[in-house]
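Reproduced below: query-v4.txt, with compact mmCIF, C-alpha atoms.
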# COMPACT_ATOMS: atom_id res chain seq x y z
CA MET A 1 109.28 82.48 29.68
CA PRO A 2 111.37 84.76 31.98
CA SER A 3 115.09 84.15 32.20
CA LEU A 4 116.87 83.06 35.38
CA ASP A 5 118.31 86.57 35.85
CA GLU A 6 114.80 88.05 35.65
CA LEU A 7 113.50 85.56 38.23
CA LEU A 8 116.38 86.41 40.57
CA GLN A 9 115.62 90.13 40.23
CA GLN A 10 111.95 89.46 40.96
CA ARG A 11 113.01 87.48 44.07
CA THR A 12 110.84 84.53 43.06
CA VAL A 13 113.84 82.20 43.31
CA TYR A 14 117.15 82.42 45.12
CA ARG A 15 120.55 80.83 44.85
CA GLY A 16 121.37 78.17 47.41
CA ARG A 17 124.60 79.90 48.41
CA GLN A 18 122.79 83.15 49.18
CA LEU A 19 122.10 83.70 52.86
CA ALA A 20 119.40 85.89 54.35
CA PRO A 21 120.67 88.85 56.37
CA PRO A 22 121.02 87.98 60.06
CA ALA A 23 118.01 88.81 62.22
CA PRO A 24 118.56 91.63 64.74
CA VAL A 25 119.45 90.46 68.24
CA ARG A 26 120.02 91.99 71.66
CA PRO A 27 122.48 90.57 74.21
CA SER A 28 120.83 88.27 76.73
CA GLY A 29 123.27 89.27 79.46
CA PHE A 30 124.53 85.68 79.72
CA ALA A 31 127.66 84.94 77.69
CA PRO A 32 127.09 81.16 77.31
CA LEU A 33 123.65 81.75 75.84
CA ASP A 34 124.83 84.56 73.56
CA ARG A 35 127.61 82.35 72.19
CA VAL A 36 125.19 79.61 71.24
CA LEU A 37 122.69 82.06 69.73
CA GLY A 38 125.29 84.01 67.76
CA GLY A 39 125.02 87.26 69.67
CA GLY A 40 121.84 87.30 71.70
CA LEU A 41 118.09 86.88 71.82
CA PRO A 42 115.90 87.95 68.87
CA ALA A 43 115.03 91.64 69.01
CA VAL A 44 112.02 91.22 66.70
CA GLY A 45 109.52 88.40 66.26
CA VAL A 46 107.72 85.78 68.33
CA ASN A 47 109.64 83.73 70.88
CA ARG A 48 108.58 81.25 73.54
CA LEU A 49 109.64 80.48 77.09
CA GLN A 50 108.39 77.13 78.37
CA SER A 51 108.88 77.28 82.10
CA PRO A 52 107.33 76.43 85.46
CA THR A 53 106.00 79.64 86.99
CA GLY A 54 108.27 81.45 89.40
CA ILE A 55 111.67 79.84 88.77
CA GLY A 56 113.18 83.07 87.44
CA GLU A 57 111.84 83.21 83.91
CA LEU A 58 111.46 87.00 84.07
CA ARG A 59 114.96 87.46 85.49
CA LEU A 60 116.24 85.64 82.42
CA LEU A 61 114.69 88.31 80.20
CA LEU A 62 115.62 91.32 82.34
CA PRO A 63 119.13 92.02 80.93
CA TYR A 64 117.74 91.58 77.42
CA LEU A 65 114.96 94.11 78.08
CA LEU A 66 117.51 96.59 79.42
CA ALA A 67 120.17 95.93 76.77
CA GLU A 68 119.44 99.17 74.94
CA PRO A 69 117.61 102.39 75.79
CA THR A 70 113.86 101.95 75.37
CA ARG A 71 113.41 105.58 74.25
CA GLY A 72 109.99 105.64 75.83
CA LYS A 73 108.84 102.36 74.28
CA LEU A 74 106.47 100.24 76.31
CA LEU A 75 106.94 96.91 78.03
CA VAL A 76 103.54 95.21 78.08
CA PHE A 77 102.46 92.29 80.29
CA ILE A 78 99.30 90.49 79.17
CA ASN A 79 97.61 88.22 81.72
CA PRO A 80 100.59 87.61 84.04
CA PRO A 81 99.88 84.92 86.65
CA GLY A 82 100.58 87.38 89.46
CA ARG A 83 100.93 91.10 89.97
CA PRO A 84 104.34 92.34 88.75
CA TYR A 85 106.33 93.64 91.72
CA PRO A 86 107.04 97.35 91.03
CA ASP A 87 110.11 97.57 93.30
CA PHE A 88 111.83 94.77 91.41
CA TRP A 89 111.44 96.47 88.03
CA TYR A 90 112.23 99.94 89.40
CA ASN A 91 115.41 98.77 91.14
CA ALA A 92 116.45 96.99 87.95
CA GLY A 93 116.35 100.29 86.08
CA VAL A 94 112.97 100.05 84.32
CA ASP A 95 110.94 103.26 84.07
CA LEU A 96 107.61 102.20 85.55
CA SER A 97 105.77 104.69 83.34
CA ASP A 98 106.82 102.50 80.40
CA VAL A 99 105.27 99.36 81.90
CA GLN A 100 101.68 98.43 81.08
CA VAL A 101 99.80 95.45 82.58
CA LEU A 102 96.71 94.19 80.75
CA HIS A 103 94.20 91.64 82.00
CA THR A 104 91.71 90.20 79.54
CA THR A 105 88.70 87.94 79.99
CA ASP A 106 89.43 85.48 77.18
CA THR A 107 92.00 84.35 74.62
CA LYS A 108 90.47 86.39 71.81
CA GLN A 109 90.94 89.64 73.73
CA ALA A 110 94.47 88.66 74.78
CA LEU A 111 95.55 87.98 71.19
CA TRP A 112 93.89 91.14 69.89
CA SER A 113 95.68 93.19 72.56
CA ALA A 114 99.03 91.56 71.78
CA GLU A 115 98.63 92.13 68.05
CA GLN A 116 97.70 95.80 68.48
CA CYS A 117 100.62 96.43 70.83
CA LEU A 118 103.14 94.72 68.57
CA GLN A 119 102.21 96.46 65.35
CA SER A 120 101.78 99.89 66.96
CA GLY A 121 105.51 100.66 66.91
CA CYS A 122 105.18 101.89 70.52
CA CYS A 123 106.33 98.70 72.24
CA LEU A 124 109.76 97.24 72.88
CA SER A 125 108.45 93.84 73.99
CA VAL A 126 105.15 92.18 74.82
CA LEU A 127 105.02 89.33 77.34
CA LEU A 128 101.98 87.10 76.88
CA TRP A 129 100.99 84.33 79.29
CA GLN A 130 98.91 81.82 77.35
CA ASN A 131 98.64 78.04 77.62
CA ASN A 132 98.03 77.35 73.92
CA LEU A 133 98.39 79.20 70.64
CA GLU A 134 97.55 77.93 67.17
CA VAL A 135 99.78 78.19 64.11
CA SER A 136 97.49 80.75 62.46
CA GLN A 137 97.50 82.89 65.61
CA LEU A 138 101.29 82.80 65.86
CA LYS A 139 101.63 83.80 62.21
CA ARG A 140 99.46 86.88 62.81
CA LEU A 141 101.56 87.81 65.83
CA GLN A 142 104.77 87.31 63.83
CA LEU A 143 103.57 89.72 61.15
CA ALA A 144 102.52 92.26 63.77
CA ALA A 145 105.87 92.02 65.57
CA ILE A 146 107.83 92.49 62.33
CA GLU A 147 105.62 95.42 61.32
CA GLY A 148 106.11 97.18 64.66
CA GLY A 149 109.76 96.20 65.20
CA ALA A 150 108.95 94.54 68.53
CA SER A 151 109.36 91.16 70.20
CA LEU A 152 106.69 88.93 71.69
CA TRP A 153 107.61 86.51 74.46
CA TRP A 154 105.01 83.79 74.88
CA LEU A 155 105.24 82.23 78.34
CA GLN A 156 103.81 78.73 78.53
CA PRO A 157 104.09 75.75 80.92
CA PRO A 158 106.38 72.97 79.64
CA ARG A 159 104.59 70.51 77.37
CA ARG A 160 105.21 68.19 74.47
CA GLU A 161 103.98 69.04 70.99
CA ASN A 162 103.69 67.21 67.70
CA ILE A 163 103.65 70.17 65.31
CA SER A 164 106.25 72.72 64.30
CA LEU A 165 105.30 76.25 65.36
CA PRO A 166 106.39 79.46 63.58
CA LEU A 167 108.73 80.78 66.28
CA HIS A 168 112.05 82.60 66.07
CA LEU A 169 113.21 80.94 69.27
CA SER A 170 111.87 78.53 71.87
CA LEU A 171 113.57 77.96 75.23
CA LEU A 172 112.77 75.31 77.81
CA LEU A 173 113.70 76.47 81.32
CA GLN A 174 114.43 74.46 84.45
CA ALA A 175 115.52 75.55 87.91
CA SER A 176 119.18 75.18 88.88
CA SER A 177 120.98 75.58 92.20
CA ILE A 178 123.16 78.34 90.70
CA GLY A 179 120.58 80.02 88.49
CA ILE A 180 118.59 78.56 85.66
CA GLN A 181 119.02 75.93 82.97
CA ALA A 182 118.00 76.81 79.42
CA THR A 183 117.57 74.40 76.52
CA ILE A 184 117.04 75.69 72.98
CA THR A 185 114.26 73.47 71.63
CA LYS A 186 113.66 75.46 68.42
CA ARG A 187 115.67 78.14 66.69
CA LYS A 188 115.09 79.76 63.31
CA GLY A 189 118.04 78.86 61.14
CA GLY A 190 119.64 76.73 63.84
CA TRP A 191 119.39 73.57 65.88
CA ALA A 192 118.21 72.49 69.29
CA THR A 193 120.91 72.32 71.96
CA ALA A 194 121.83 70.51 75.13
CA PRO A 195 120.91 72.31 78.39
CA ILE A 196 122.93 75.46 79.12
CA THR A 197 123.39 76.42 82.78
CA LEU A 198 123.25 80.17 83.37
CA ASP A 199 125.07 81.22 86.53
CA TRP A 200 123.28 83.92 88.54
CA ARG A 201 125.67 84.04 91.50
CA GLU A 202 127.31 87.31 90.47
CA ARG A 203 124.17 89.05 89.26
CA TRP A 204 121.63 87.79 91.82
CA PRO A 205 123.40 85.89 94.63
CA GLU A 206 120.28 85.90 96.79
CA GLN A 207 118.49 83.80 94.19
CA THR A 208 120.93 80.89 94.31
CA ILE A 209 121.31 78.04 96.78
CA ALA A 210 124.57 78.33 98.72
CA PRO A 211 126.44 75.03 99.17
CA LEU A 212 126.74 73.63 102.69
CA PRO A 213 130.12 74.08 104.42
CA ALA A 214 132.37 71.03 104.24
CA ASN A 215 131.92 70.27 107.94
CA VAL A 216 128.11 70.37 107.81
CA ARG A 217 126.15 67.33 106.79
CA PRO A 218 122.56 67.57 105.51
CA LEU A 219 119.81 66.31 107.77
CA PRO A 220 118.69 62.76 107.01
CA SER A 221 115.31 62.47 105.36
CA LYS A 222 112.49 61.08 107.47
CA ARG A 223 111.01 57.85 106.25
CA ARG A 224 107.62 56.55 107.16
CA ARG A 225 107.43 53.00 108.39
CA ALA A 226 105.46 50.63 106.28

What do you get writing this file as structure tokens?
Amino acid sequence: MPSLDELLQQRTVYRGRQLAPPAPVRPSGFAPLDRVLGGGLPAVGVNRLQSPTGIGELRLLLPYLLAEPTRGKLLVFINPPGRPYPDFWYNAGVDLSDVQVLHTTDTKQALWSAEQCLQSGCCLSVLLWQNNLEVSQLKRLQLAAIEGGASLWWLQPPRRENISLPLHLSLLLQASSIGIQATITKRKGGWATAPITLDWRERWPEQTIAPLPANVRPLPSKRRRA
């Protein structure tokens, strides 16, 4: 029977006080979120954004995607709900030659495309719009992302679930008058959090709702008579 020292060397058991090395992160561009996450968003692995479409979910990821030079690595969109606006990405500093948009006819093709992109080593991040993913599918994508040193961001409408999914991070997003509200619903090695309001007024003032002047009162709502 092998001794405890031999088992430790074989990495078949570990001591409770031993901690795994921290996963690589990249700054999110939002200090309140980085503080809670211990430095930033995961640089490698599968993550999820649960969000209504069009409230700024891509703006949330933009500083993260630009946090370090891409060195020619690709940013891949798979089945986005609309056509990505080239001027937005160009003005943000993204080289459009590094952006690829894929449209597939079914889930099988979408997952195959995501897996190939992730494990290729040619991609910085893959953004996949998909309503549902199974545990086995997420595990395959996790392995591909780790192999290729890339991140997958799965964008999904908000919904309740009864099973634990193999994700590095899951964020629930809601619109806010000054930006966006993010709630960590799942975090590898951490806990869920209360909502965190991310202020966009300095970065994107045109995307926030300016308060009414003190001497201006909002119009009364119209009520229908019964």

Build an axis-aligned box that encloses every atom of segment 164-175 of chain A listed in the file, pad it by 8 Å on each side, and report its centre and edge lengths in Å to one decimal, as JSON.
{"center_x": 110.4, "center_y": 77.7, "center_z": 75.7, "size_x": 26.2, "size_y": 25.9, "size_z": 40.3}

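Here atom CA of Trp191 of chain A is placed at a distance of 17.0 Å from atom CA of Gln50 of chain A.
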
Q: For Leu172 of chain A, please output as a ChimeraX atom specification all residues within 10 Å (counting all atoms listed in the file; exclusion window: fewer than 4 positions along the same chain).
A: /A:48-52,156-159,181-186,195

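If you measure from each of A:Ser164, A:Ser120, A:Thr53, A:Thr197 to Gly148 of chain A using all atoms listed in the file, the closest one turns out to be A:Ser120.
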
(Q) Restricting the calculation to all atoms listed in the file: of A:Asn132, A:Glu206, A:Glu57, A:Val126, which residue gets closest to Ala114 of chain A? (A) A:Val126

Q. If you count only C-alpha atoms, which residues fall within 7 Å of Val46 of chain A, apart from same-chain ones fewer than 3 positions away, as an NGL selection string?
A. :A and (141-142 or 151-153 or 167-168)

(Q) So that I can check the surroundings of Lys73 of chain A, please list as a ChimeraX atom specification every protein, DNA and RNA residue that reaches within 7 Å of it, counting only C-alpha atoms and ignoring chain neighbours fewer than 3 positions away. (A) /A:70,98,122-124

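Shortest separation to Asp106 of chain A among A:Gly93, A:Ile78, A:Pro84, A:Gly72 occurs at residue A:Ile78, atoms counted being only C-alpha atoms.
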
Q: List the neighbours of Glu147 of chain A out to 9 Å using only C-alpha atoms; skip same-chain residues closer than 2 positions along the sequence, and give me the result as a list of chain:residue names.
A: A:Leu118, A:Gln119, A:Ser120, A:Gly121, A:Gln142, A:Leu143, A:Ala144, A:Ala145, A:Gly149, A:Ala150

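When only C-alpha atoms are used to measure the gap to Tyr64 of chain A, the shortest distance among A:Val25, A:Ile146, A:Ile196, A:Val76 belongs to A:Val25.
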
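Among the candidates A:Pro205, A:Asp87, A:Leu171, A:Leu58, the residue lying nearest to Leu41 of chain A is A:Leu171 (atoms considered: only C-alpha atoms).
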
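In this comparison, which uses all atoms listed in the file, the residue of A:Leu37, A:Ala194, A:Leu127, A:Leu61 approaching Ala92 of chain A most closely is A:Leu61.
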
**Q.** For atom CA of Ser113 of chain A and atom CA of Leu96 of chain A, the interatomic separation in Å (one decimal)
**A.** 19.8 Å

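Counting from atom CA of Lys188 of chain A, the distance to atom CA of Ala31 of chain A is 19.8 Å.
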
Using all atoms listed in the file, which protein or nucleic acid residues come within 12 Å of Gln109 of chain A? Drop anything in the same chain fewer than 5 positions from it, and give the result as a PDB file with C-alpha atoms, in the coordinates of the input.
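Printed below is out36.pdb as written:
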ATOM      1  CA  ILE A  78      99.300  90.490  79.170  1.00  0.00           C
ATOM      2  CA  ASN A  79      97.610  88.220  81.720  1.00  0.00           C
ATOM      3  CA  LEU A 102      96.710  94.190  80.750  1.00  0.00           C
ATOM      4  CA  HIS A 103      94.200  91.640  82.000  1.00  0.00           C
ATOM      5  CA  THR A 104      91.710  90.200  79.540  1.00  0.00           C
ATOM      6  CA  ALA A 114      99.030  91.560  71.780  1.00  0.00           C
ATOM      7  CA  GLU A 115      98.630  92.130  68.050  1.00  0.00           C
ATOM      8  CA  GLN A 116      97.700  95.800  68.480  1.00  0.00           C
ATOM      9  CA  LEU A 128     101.980  87.100  76.880  1.00  0.00           C
ATOM     10  CA  GLN A 130      98.910  81.820  77.350  1.00  0.00           C
TER      11      GLN A 130
END
